[in-house]
$ cat coords_28.cif   # mmCIF, C-alpha atoms and all ligand atoms
data_target
loop_
_atom_site.label_atom_id
_atom_site.label_comp_id
_atom_site.auth_asym_id
_atom_site.auth_seq_id
_atom_site.Cartn_x
_atom_site.Cartn_y
_atom_site.Cartn_z
CA TYR K 1 24.30 43.45 0.23
CA SER K 2 26.73 43.87 -2.62
CA ARG K 3 25.41 41.13 -4.93
CA ILE K 4 21.80 39.95 -4.72
CA GLY K 5 20.68 36.51 -5.92
CA ILE K 6 17.08 36.15 -7.15
CA ILE K 7 15.37 32.87 -8.05
CA GLY K 8 12.04 32.09 -9.66
CA ALA K 9 10.96 28.59 -10.64
CA MET K 10 8.86 29.28 -13.74
CA VAL K 11 8.98 31.66 -16.69
CA GLU K 12 6.07 33.76 -15.35
CA GLU K 13 7.99 34.28 -12.10
CA ILE K 14 11.18 35.48 -13.76
CA GLU K 15 10.19 37.20 -17.03
CA LEU K 16 9.69 40.59 -15.37
CA LEU K 17 13.30 40.51 -14.21
CA HIS K 18 14.34 39.96 -17.82
CA GLU K 19 12.44 43.14 -18.66
CA HIS K 20 13.82 45.27 -15.83
CA VAL K 21 17.39 44.09 -15.20
CA GLU K 22 20.09 45.85 -17.16
CA GLN K 23 21.90 42.76 -18.31
CA SER K 24 25.68 42.65 -18.43
CA SER K 25 26.44 38.94 -18.89
CA THR K 26 25.13 35.39 -18.54
CA PHE K 27 26.60 32.03 -17.61
CA VAL K 28 25.25 28.50 -17.75
CA LYS K 29 25.81 25.88 -15.07
CA ALA K 30 23.98 22.57 -14.52
CA GLY K 31 21.79 23.47 -17.48
CA ILE K 32 20.50 26.65 -15.80
CA THR K 33 21.19 30.12 -17.24
CA TYR K 34 22.23 32.82 -14.77
CA VAL K 35 21.79 36.46 -15.74
CA GLU K 36 24.13 39.03 -14.18
CA GLY K 37 23.24 42.70 -14.29
CA THR K 38 21.93 45.69 -12.37
CA LEU K 39 18.48 46.55 -11.06
CA HIS K 40 17.96 50.04 -9.60
CA GLY K 41 21.74 50.34 -9.57
CA ARG K 42 22.18 47.16 -7.47
CA GLU K 43 24.22 44.21 -8.68
CA VAL K 44 21.94 41.17 -9.14
CA VAL K 45 22.21 37.61 -10.45
CA PHE K 46 18.94 35.88 -11.29
CA CYS K 47 17.81 32.61 -12.81
CA LYS K 48 14.86 30.35 -13.54
CA SER K 49 15.54 27.31 -11.39
CA GLY K 50 12.84 25.04 -12.76
CA VAL K 51 10.21 23.46 -10.53
CA GLY K 52 10.92 21.44 -7.39
CA LYS K 53 13.34 21.15 -4.51
CA VAL K 54 16.27 19.60 -6.37
CA ASN K 55 16.28 22.34 -9.01
CA ALA K 56 16.01 25.01 -6.32
CA ALA K 57 18.80 23.50 -4.22
CA VAL K 58 21.26 23.18 -7.10
CA CYS K 59 20.63 26.67 -8.36
CA THR K 60 20.86 28.23 -4.88
CA GLN K 61 24.28 26.66 -4.34
CA ILE K 62 25.45 27.84 -7.76
CA LEU K 63 24.29 31.40 -6.97
CA ILE K 64 26.15 31.30 -3.65
CA ASP K 65 29.29 29.96 -5.37
CA ALA K 66 28.92 32.85 -7.84
CA GLY K 67 29.29 35.25 -4.90
CA VAL K 68 25.77 36.41 -4.00
CA ASP K 69 25.47 37.53 -0.38
CA CYS K 70 21.72 36.98 -0.06
CA VAL K 71 19.05 35.03 -1.94
CA LEU K 72 15.49 36.18 -2.67
CA PHE K 73 12.78 33.96 -4.12
CA THR K 74 9.91 35.43 -6.15
CA GLY K 75 6.89 33.42 -7.21
CA VAL K 76 3.48 31.94 -6.57
CA ALA K 77 2.06 29.49 -4.03
CA GLY K 78 -1.11 27.77 -2.89
CA ALA K 79 -2.71 29.43 0.14
CA LEU K 80 -3.06 27.35 3.33
CA ASP K 81 -4.10 30.08 5.76
CA PRO K 82 -7.85 30.68 5.25
CA LYS K 83 -7.27 34.44 5.68
CA LEU K 84 -5.44 34.53 2.34
CA SER K 85 -7.13 35.33 -0.97
CA ILE K 86 -5.72 34.80 -4.44
CA GLY K 87 -3.15 37.53 -5.16
CA ASP K 88 -2.30 38.02 -1.46
CA ILE K 89 1.31 37.83 -0.28
CA VAL K 90 3.21 35.55 2.10
CA ILE K 91 6.63 36.63 3.37
CA SER K 92 8.54 33.64 4.76
CA THR K 93 9.46 33.73 8.43
CA SER K 94 10.78 30.18 7.93
CA CYS K 95 10.56 27.26 5.49
CA LEU K 96 9.95 23.56 6.12
CA GLN K 97 9.83 20.54 3.80
CA HIS K 98 6.35 19.09 4.34
CA ASP K 99 7.20 15.99 2.31
CA MET K 100 10.12 15.04 4.57
CA ASP K 101 8.46 12.28 6.59
CA CYS K 102 10.34 9.67 8.62
CA SER K 103 7.52 9.30 11.13
CA PRO K 104 7.75 5.45 11.09
CA LEU K 105 11.17 5.95 12.70
CA GLY K 106 9.72 8.25 15.34
CA PHE K 107 10.70 11.57 13.77
CA ALA K 108 8.17 14.37 13.60
CA ARG K 109 6.72 15.08 10.18
CA GLY K 110 8.96 17.57 8.38
CA GLN K 111 11.95 16.72 10.55
CA ILE K 112 15.17 15.81 8.77
CA PRO K 113 16.63 12.85 10.72
CA PHE K 114 19.81 13.35 12.75
CA GLN K 115 19.86 17.06 12.01
CA GLU K 116 19.43 19.84 14.54
CA THR K 117 17.42 22.18 12.31
CA SER K 118 14.72 21.26 9.82
CA GLU K 119 12.79 24.53 9.82
CA PHE K 120 15.03 27.19 8.29
CA THR K 121 14.55 30.74 9.55
CA ALA K 122 14.52 33.59 7.07
CA ASP K 123 16.68 36.67 7.62
CA PRO K 124 14.98 39.24 9.92
CA SER K 125 16.19 42.30 8.01
CA LEU K 126 15.10 40.85 4.64
CA ILE K 127 11.71 39.97 6.19
CA ASP K 128 11.45 43.55 7.41
CA LEU K 129 12.30 44.99 3.98
CA ALA K 130 9.71 42.70 2.35
CA ASP K 131 7.10 43.62 4.96
CA LYS K 132 7.64 47.34 4.35
CA ALA K 133 7.37 46.84 0.57
CA CYS K 134 4.22 44.78 1.04
CA ASN K 135 2.58 47.35 3.32
CA LEU K 136 3.34 50.05 0.77
CA LEU K 137 2.19 48.20 -2.37
CA PHE K 138 -0.49 45.84 -1.02
CA PRO K 139 -1.69 47.21 2.34
CA GLY K 140 -3.58 44.58 4.35
CA ARG K 141 -2.90 41.88 1.79
CA GLY K 142 0.32 40.38 3.14
CA ILE K 143 1.18 38.13 6.05
CA LYS K 144 4.42 36.79 7.47
CA GLY K 145 4.37 33.04 7.99
CA LYS K 146 5.80 29.59 7.53
CA VAL K 147 6.26 28.40 3.95
CA LEU K 148 5.83 24.65 3.40
CA SER K 149 7.64 23.09 0.45
CA GLY K 150 7.31 19.68 -1.15
CA ASP K 151 7.60 18.04 -4.54
CA GLN K 152 3.81 17.95 -4.80
CA PHE K 153 1.19 20.24 -6.31
CA ILE K 154 -1.44 20.35 -3.56
CA ALA K 155 -5.07 20.34 -4.71
CA SER K 156 -7.07 18.98 -1.79
CA ARG K 157 -8.93 20.69 1.04
CA ASP K 158 -8.09 17.84 3.42
CA VAL K 159 -4.38 18.22 2.75
CA VAL K 160 -4.69 22.01 3.13
CA ARG K 161 -6.31 21.60 6.54
CA GLN K 162 -3.63 19.16 7.63
CA LEU K 163 -0.74 21.35 6.40
CA HIS K 164 -2.24 24.41 8.06
CA GLU K 165 -3.27 22.79 11.35
CA ASP K 166 -0.50 20.21 11.87
CA LEU K 167 2.44 22.10 10.39
CA ASN K 168 1.17 25.68 10.78
CA GLY K 169 1.88 26.55 7.13
CA ALA K 170 0.77 29.86 5.63
CA CYS K 171 1.23 28.66 2.05
CA THR K 172 2.59 25.72 0.08
CA GLU K 173 4.94 25.62 -2.88
CA MET K 174 7.75 23.50 -4.27
CA GLU K 175 11.11 25.27 -3.80
CA GLY K 176 11.39 27.54 -0.75
CA ALA K 177 12.60 25.08 1.89
CA ALA K 178 15.27 23.68 -0.46
CA LEU K 179 16.61 27.18 -1.07
CA ALA K 180 16.36 27.90 2.66
CA GLN K 181 18.27 24.77 3.62
CA VAL K 182 21.09 25.48 1.16
CA CYS K 183 21.27 29.08 2.42
CA ALA K 184 21.48 27.81 6.01
CA MET K 185 24.23 25.34 5.08
CA ASN K 186 26.21 28.27 3.64
CA ASP K 187 25.21 30.84 6.28
CA VAL K 188 23.68 33.10 3.61
CA PRO K 189 20.55 35.17 4.41
CA TYR K 190 17.36 34.54 2.43
CA VAL K 191 13.68 35.40 2.20
CA VAL K 192 10.91 33.85 0.09
CA ILE K 193 8.14 36.05 -1.33
CA ARG K 194 5.06 34.26 -2.62
CA SER K 195 1.79 35.60 -4.01
CA MET K 196 -1.17 33.23 -3.97
CA SER K 197 -2.14 31.77 -7.35
CA ASP K 198 -4.66 29.37 -5.80
CA LYS K 199 -5.92 27.93 -2.51
CA ALA K 200 -4.43 24.44 -2.98
CA ASP K 201 -7.98 23.01 -3.05
CA GLY K 202 -10.09 21.23 -5.65
CA SER K 203 -10.00 24.34 -7.88
CA ALA K 204 -6.22 24.78 -7.57
CA ASP K 205 -5.38 23.51 -11.06
CA VAL K 206 -7.84 25.91 -12.72
CA ASN K 207 -6.93 28.86 -10.48
CA PHE K 208 -3.21 28.22 -10.90
CA ALA K 209 -3.60 28.41 -14.69
CA GLU K 210 -5.69 31.58 -14.45
CA PHE K 211 -3.86 33.53 -11.73
CA THR K 212 -0.16 32.56 -11.92
CA LYS K 213 0.67 35.48 -14.18
CA GLU K 214 -1.08 38.08 -12.02
CA ALA K 215 0.32 36.65 -8.75
CA SER K 216 3.82 36.57 -10.25
CA VAL K 217 3.53 40.29 -10.96
CA ASN K 218 2.60 40.98 -7.32
CA SER K 219 5.59 39.04 -6.04
CA HIS K 220 7.90 40.73 -8.54
CA ARG K 221 6.72 44.16 -7.41
CA ILE K 222 7.68 43.38 -3.80
CA ILE K 223 11.16 42.26 -4.87
CA ASP K 224 11.55 45.34 -7.07
CA GLU K 225 10.56 47.66 -4.19
CA MET K 226 12.82 45.82 -1.72
CA ILE K 227 15.88 46.16 -3.93
CA GLN K 228 15.48 49.93 -3.96
CA HIS K 229 16.08 49.89 -0.19
CA MET K 230 18.78 47.22 0.11
N1 LIG O 1 2.41 26.60 -6.37
C1 LIG O 1 1.29 27.30 -6.62
N2 LIG O 1 0.21 26.63 -6.18
C2 LIG O 1 0.65 25.48 -5.63
C3 LIG O 1 0.01 24.36 -5.02
N3 LIG O 1 -1.30 24.32 -4.90
N4 LIG O 1 0.80 23.35 -4.58
C4 LIG O 1 2.14 23.41 -4.73
N5 LIG O 1 2.78 24.41 -5.30
C5 LIG O 1 2.05 25.45 -5.75
#

$ encode --input "coords_28.cif" --output "structure tokens" --more "lines below"
Ligand code: ADE
Amino acid sequence: YSRIGIIGAMVEEIELLHEHVEQSSTFVKAGITYVEGTLHGREVVFCKSGVGKVNAAVCTQILIDAGVDCVLFTGVAGALDPKLSIGDIVISTSCLQHDMDCSPLGFARGQIPFQETSEFTADPSLIDLADKACNLLFPGRGIKGKVLSGDQFIASRDVVRQLHEDLNGACTEMEGAALAQVCAMNDVPYVVIRSMSDKADGSADVNFAEFTKEASVNSHRIIDEMIQHM
């Protein structure tokens, strides 16, 4: 990879990159600021997309148009897999939009109508790099799994059960599948790294406020370790 794109949605998810990237220039497009620079000697472009699938989609396409040859996401998520504790890591094997629902028309939940692929597979070599970084930094605290994205903050045990059992999600967040779809449309490899800020249950709002900073650090550390081996 000669130019690595990195996206976070919120300030907590991206501020550590501001501290560590040797910045050479910035540009603004669609109201989003893109920082170009080097991290461990590698050329990177990173940005704060803002929350939600539309923000993530626009900023992924802009990164690709700016010449990145892979896209990494760093941030936090709500755990769906009961094995996961707050602070644990999910490495995306694929991403699916859980709020895409045309079931009245006979399409499966999550399926984008008239489209061959709705679940977008992450790049195997990026998954492998992330897995190695995770095993080194957080042994026993990371899993590979499906990331479910939707424009909804999930804070209900019933919804968690449904997303885990019906859609087999490991965690839920609000950007990954948009990024993944845009990467697939452009044939650009991606992986999403998420550390759990909450369990998407009745305490999710409180836990999210308390643990987003700490979980963001965990996710950043994985990205930072990965880049040293890319
Ligand atoms: N990001 C972090 N926690 C989340 C949750 N519970 N739902 C959606 N996005 C999240």

$ closest_atom_pairs --input "coords_28.cif" --of "region 103-168 of chain K" --to "region 56-61 of chain K" --cutoff "12 Å" --atoms "all atoms listed in the file" --output "CSV"
residue,atom,partner,partner_atom,distance
K:Ser149,CA,K:Ala56,CA,10.9
K:Gly150,CA,K:Ala56,CA,11.4
K:Asp151,CA,K:Ala56,CA,11.1

$ residues_around --input "coords_28.cif" --residues "Cys134 (chain K)" --least-positions-apart "4" --cutoff "12 Å" --atoms "all atoms listed in the file" --output "ChimeraX atom specification"
/K:88-91,127-130,138-144,193-195,218-226

$ atom_distance --input "coords_28.cif" --atom1 "CA of Leu137 (chain K)" --atom2 "CA of His229 (chain K)"
14.2 Å

$ residues_around --input "coords_28.cif" --residues "Ser25 (chain K)" --least-positions-apart "4" --cutoff "12 Å" --atoms "all atoms listed in the file" --output "mmCIF file with C-alpha atoms, in the coordinates of the input"
data_model
loop_
_atom_site.group_PDB
_atom_site.id
_atom_site.type_symbol
_atom_site.label_atom_id
_atom_site.label_comp_id
_atom_site.auth_asym_id
_atom_site.auth_seq_id
_atom_site.Cartn_x
_atom_site.Cartn_y
_atom_site.Cartn_z
ATOM 1 C CA VAL K 21 17.390 44.090 -15.200
ATOM 2 C CA THR K 33 21.190 30.120 -17.240
ATOM 3 C CA TYR K 34 22.230 32.820 -14.770
ATOM 4 C CA VAL K 35 21.790 36.460 -15.740
ATOM 5 C CA GLU K 36 24.130 39.030 -14.180
ATOM 6 C CA GLY K 37 23.240 42.700 -14.290
ATOM 7 C CA THR K 38 21.930 45.690 -12.370
ATOM 8 C CA GLU K 43 24.220 44.210 -8.680
ATOM 9 C CA VAL K 44 21.940 41.170 -9.140
ATOM 10 C CA VAL K 45 22.210 37.610 -10.450
ATOM 11 C CA PHE K 46 18.940 35.880 -11.290
#

$ closest_atom_pairs --input "coords_28.cif" --of "chain K" --to "ligand LIG 1 (chain O)" --cutoff "7 Å" --atoms "only C-alpha atoms and all ligand atoms" --output "JSON lines"
{"residue": "K:Val76", "atom": "CA", "partner": "O:LIG1", "partner_atom": "C1", "distance": 5.1}
{"residue": "K:Ala77", "atom": "CA", "partner": "O:LIG1", "partner_atom": "C1", "distance": 3.5}
{"residue": "K:Gly78", "atom": "CA", "partner": "O:LIG1", "partner_atom": "N2", "distance": 3.7}
{"residue": "K:Gln152", "atom": "CA", "partner": "O:LIG1", "partner_atom": "C4", "distance": 5.7}
{"residue": "K:Phe153", "atom": "CA", "partner": "O:LIG1", "partner_atom": "N4", "distance": 3.6}
{"residue": "K:Ile154", "atom": "CA", "partner": "O:LIG1", "partner_atom": "N4", "distance": 3.9}
{"residue": "K:Ala155", "atom": "CA", "partner": "O:LIG1", "partner_atom": "N3", "distance": 5.5}
{"residue": "K:Thr172", "atom": "CA", "partner": "O:LIG1", "partner_atom": "C4", "distance": 5.4}
{"residue": "K:Glu173", "atom": "CA", "partner": "O:LIG1", "partner_atom": "N5", "distance": 3.5}
{"residue": "K:Met174", "atom": "CA", "partner": "O:LIG1", "partner_atom": "N5", "distance": 5.2}
{"residue": "K:Met196", "atom": "CA", "partner": "O:LIG1", "partner_atom": "C1", "distance": 6.9}
{"residue": "K:Ser197", "atom": "CA", "partner": "O:LIG1", "partner_atom": "C1", "distance": 5.7}
{"residue": "K:Asp198", "atom": "CA", "partner": "O:LIG1", "partner_atom": "N2", "distance": 5.6}
{"residue": "K:Lys199", "atom": "CA", "partner": "O:LIG1", "partner_atom": "N3", "distance": 6.3}
{"residue": "K:Ala200", "atom": "CA", "partner": "O:LIG1", "partner_atom": "N3", "distance": 3.7}
{"residue": "K:Ala204", "atom": "CA", "partner": "O:LIG1", "partner_atom": "N3", "distance": 5.6}
{"residue": "K:Phe208", "atom": "CA", "partner": "O:LIG1", "partner_atom": "N2", "distance": 6.0}

$ residues_around --input "coords_28.cif" --residues "Val147 (chain K)" --least-positions-apart "5" --cutoff "6 Å" --atoms "only C-alpha atoms" --output "list in words"
Ser92, Cys95, Gly169, Ala170, Cys171 and Thr172 of chain K

$ atom_distance --input "coords_28.cif" --atom1 "CA of Arg157 (chain K)" --atom2 "CA of Val206 (chain K)"
14.8 Å

$ closest_residue --input "coords_28.cif" --among "K:Gln181, K:Asn55, K:Ser94, K:Ser118" --to "Gly145 (chain K)" --atoms "only C-alpha atoms"
K:Ser94

$ closest_residue --input "coords_28.cif" --among "K:Ser203, K:Gln97, K:Ser156, K:Gln111" --to "Gly52 (chain K)" --atoms "all atoms listed in the file"
K:Gln97

$ residues_around --input "coords_28.cif" --residues "Cys70 (chain K)" --least-positions-apart "4" --cutoff "7 Å" --atoms "only C-alpha atoms" --output "compact mmCIF listing (two decimals) with C-alpha atoms, in the coordinates of the input"
# COMPACT_ATOMS: atom_id res chain seq x y z
CA TYR K 1 24.30 43.45 0.23
CA ILE K 4 21.80 39.95 -4.72
CA GLY K 5 20.68 36.51 -5.92
CA VAL K 188 23.68 33.10 3.61
CA PRO K 189 20.55 35.17 4.41
CA TYR K 190 17.36 34.54 2.43

$ atom_distance --input "coords_28.cif" --atom1 "CA of Ser2 (chain K)" --atom2 "CA of Ile62 (chain K)"
16.9 Å

$ residues_around --input "coords_28.cif" --residues "Leu16 (chain K)" --least-positions-apart "2" --cutoff "12 Å" --atoms "all atoms listed in the file" --output "PyMOL selection string"
chain K and resi 6+8+10-14+18-22+39+46-48+74-75+213-214+216-221+223-224

$ closest_residue --input "coords_28.cif" --among "K:Ala180, K:Ala215, K:Ala9, K:Ala79" --to "Thr117 (chain K)" --atoms "only C-alpha atoms"
K:Ala180

$ axis_aligned_box --input "coords_28.cif" --around "region 8-20 of chain K" --padding-each-side "3 Å" --output "JSON"
{"center_x": 10.2, "center_y": 36.9, "center_z": -14.2, "size_x": 14.3, "size_y": 22.7, "size_z": 15.0}

$ closest_residue --input "coords_28.cif" --among "K:Glu116, K:Asp81, K:Lys53, K:Ala133" --to "His98 (chain K)" --atoms "only C-alpha atoms"
K:Lys53

$ closest_residue --input "coords_28.cif" --among "K:Asn186, K:Glu175, K:Arg42, K:Val160" --to "Gln23 (chain K)" --atoms "only C-alpha atoms"
K:Arg42

$ decode --input "coords_28.cif" --residues "region 19-37 of chain K" --atoms "N, CA and C atoms" --output "PDB file, in the first residue's frame"
ATOM      1  N   GLU K  19      -2.226  13.615  16.763  1.00  0.00           N
ATOM      2  CA  GLU K  19      -1.022  13.670  17.597  1.00  0.00           C
ATOM      3  C   GLU K  19       0.160  12.941  16.963  1.00  0.00           C
ATOM      4  N   HIS K  20      -0.114  11.865  16.230  1.00  0.00           N
ATOM      5  CA  HIS K  20       0.980  10.998  15.778  1.00  0.00           C
ATOM      6  C   HIS K  20       1.388  11.180  14.322  1.00  0.00           C
ATOM      7  N   VAL K  21       0.487  11.684  13.485  1.00  0.00           N
ATOM      8  CA  VAL K  21       0.828  11.830  12.068  1.00  0.00           C
ATOM      9  C   VAL K  21       1.663  13.091  11.869  1.00  0.00           C
ATOM     10  N   GLU K  22       2.761  12.924  11.144  1.00  0.00           N
ATOM     11  CA  GLU K  22       3.568  14.067  10.742  1.00  0.00           C
ATOM     12  C   GLU K  22       2.880  14.711   9.554  1.00  0.00           C
ATOM     13  N   GLN K  23       2.252  15.837   9.825  1.00  0.00           N
ATOM     14  CA  GLN K  23       1.344  16.434   8.846  1.00  0.00           C
ATOM     15  C   GLN K  23       2.106  17.199   7.772  1.00  0.00           C
ATOM     16  N   SER K  24       1.734  16.980   6.505  1.00  0.00           N
ATOM     17  CA  SER K  24       2.370  17.762   5.450  1.00  0.00           C
ATOM     18  C   SER K  24       1.398  18.746   4.797  1.00  0.00           C
ATOM     19  N   SER K  25       0.121  18.386   4.698  1.00  0.00           N
ATOM     20  CA  SER K  25      -0.852  19.309   4.110  1.00  0.00           C
ATOM     21  C   SER K  25      -2.272  18.886   4.466  1.00  0.00           C
ATOM     22  N   THR K  26      -3.225  19.771   4.192  1.00  0.00           N
ATOM     23  CA  THR K  26      -4.637  19.426   4.367  1.00  0.00           C
ATOM     24  C   THR K  26      -5.418  19.916   3.150  1.00  0.00           C
ATOM     25  N   PHE K  27      -6.561  19.285   2.910  1.00  0.00           N
ATOM     26  CA  PHE K  27      -7.511  19.847   1.948  1.00  0.00           C
ATOM     27  C   PHE K  27      -8.927  19.632   2.470  1.00  0.00           C
ATOM     28  N   VAL K  28      -9.833  20.469   1.984  1.00  0.00           N
ATOM     29  CA  VAL K  28     -11.225  20.390   2.424  1.00  0.00           C
ATOM     30  C   VAL K  28     -12.096  20.055   1.223  1.00  0.00           C
ATOM     31  N   LYS K  29     -12.972  19.067   1.400  1.00  0.00           N
ATOM     32  CA  LYS K  29     -13.930  18.743   0.348  1.00  0.00           C
ATOM     33  C   LYS K  29     -15.222  18.281   1.002  1.00  0.00           C
ATOM     34  N   ALA K  30     -16.339  18.764   0.496  1.00  0.00           N
ATOM     35  CA  ALA K  30     -17.668  18.444   1.058  1.00  0.00           C
ATOM     36  C   ALA K  30     -17.725  18.764   2.555  1.00  0.00           C
ATOM     37  N   GLY K  31     -16.996  19.810   2.938  1.00  0.00           N
ATOM     38  CA  GLY K  31     -17.039  20.255   4.330  1.00  0.00           C
ATOM     39  C   GLY K  31     -16.203  19.423   5.283  1.00  0.00           C
ATOM     40  N   ILE K  32     -15.483  18.428   4.736  1.00  0.00           N
ATOM     41  CA  ILE K  32     -14.654  17.550   5.578  1.00  0.00           C
ATOM     42  C   ILE K  32     -13.185  17.878   5.324  1.00  0.00           C
ATOM     43  N   THR K  33     -12.389  17.972   6.398  1.00  0.00           N
ATOM     44  CA  THR K  33     -10.962  18.256   6.262  1.00  0.00           C
ATOM     45  C   THR K  33     -10.169  16.960   6.210  1.00  0.00           C
ATOM     46  N   TYR K  34      -9.323  16.846   5.209  1.00  0.00           N
ATOM     47  CA  TYR K  34      -8.469  15.668   5.018  1.00  0.00           C
ATOM     48  C   TYR K  34      -7.037  16.054   5.343  1.00  0.00           C
ATOM     49  N   VAL K  35      -6.386  15.274   6.199  1.00  0.00           N
ATOM     50  CA  VAL K  35      -5.010  15.548   6.592  1.00  0.00           C
ATOM     51  C   VAL K  35      -4.096  14.556   5.883  1.00  0.00           C
ATOM     52  N   GLU K  36      -3.112  15.076   5.158  1.00  0.00           N
ATOM     53  CA  GLU K  36      -2.128  14.234   4.475  1.00  0.00           C
ATOM     54  C   GLU K  36      -0.826  14.313   5.250  1.00  0.00           C
ATOM     55  N   GLY K  37      -0.161  13.170   5.407  1.00  0.00           N
ATOM     56  CA  GLY K  37       1.099  13.180   6.141  1.00  0.00           C
ATOM     57  C   GLY K  37       1.713  11.797   6.179  1.00  0.00           C
TER      58      GLY K  37
END
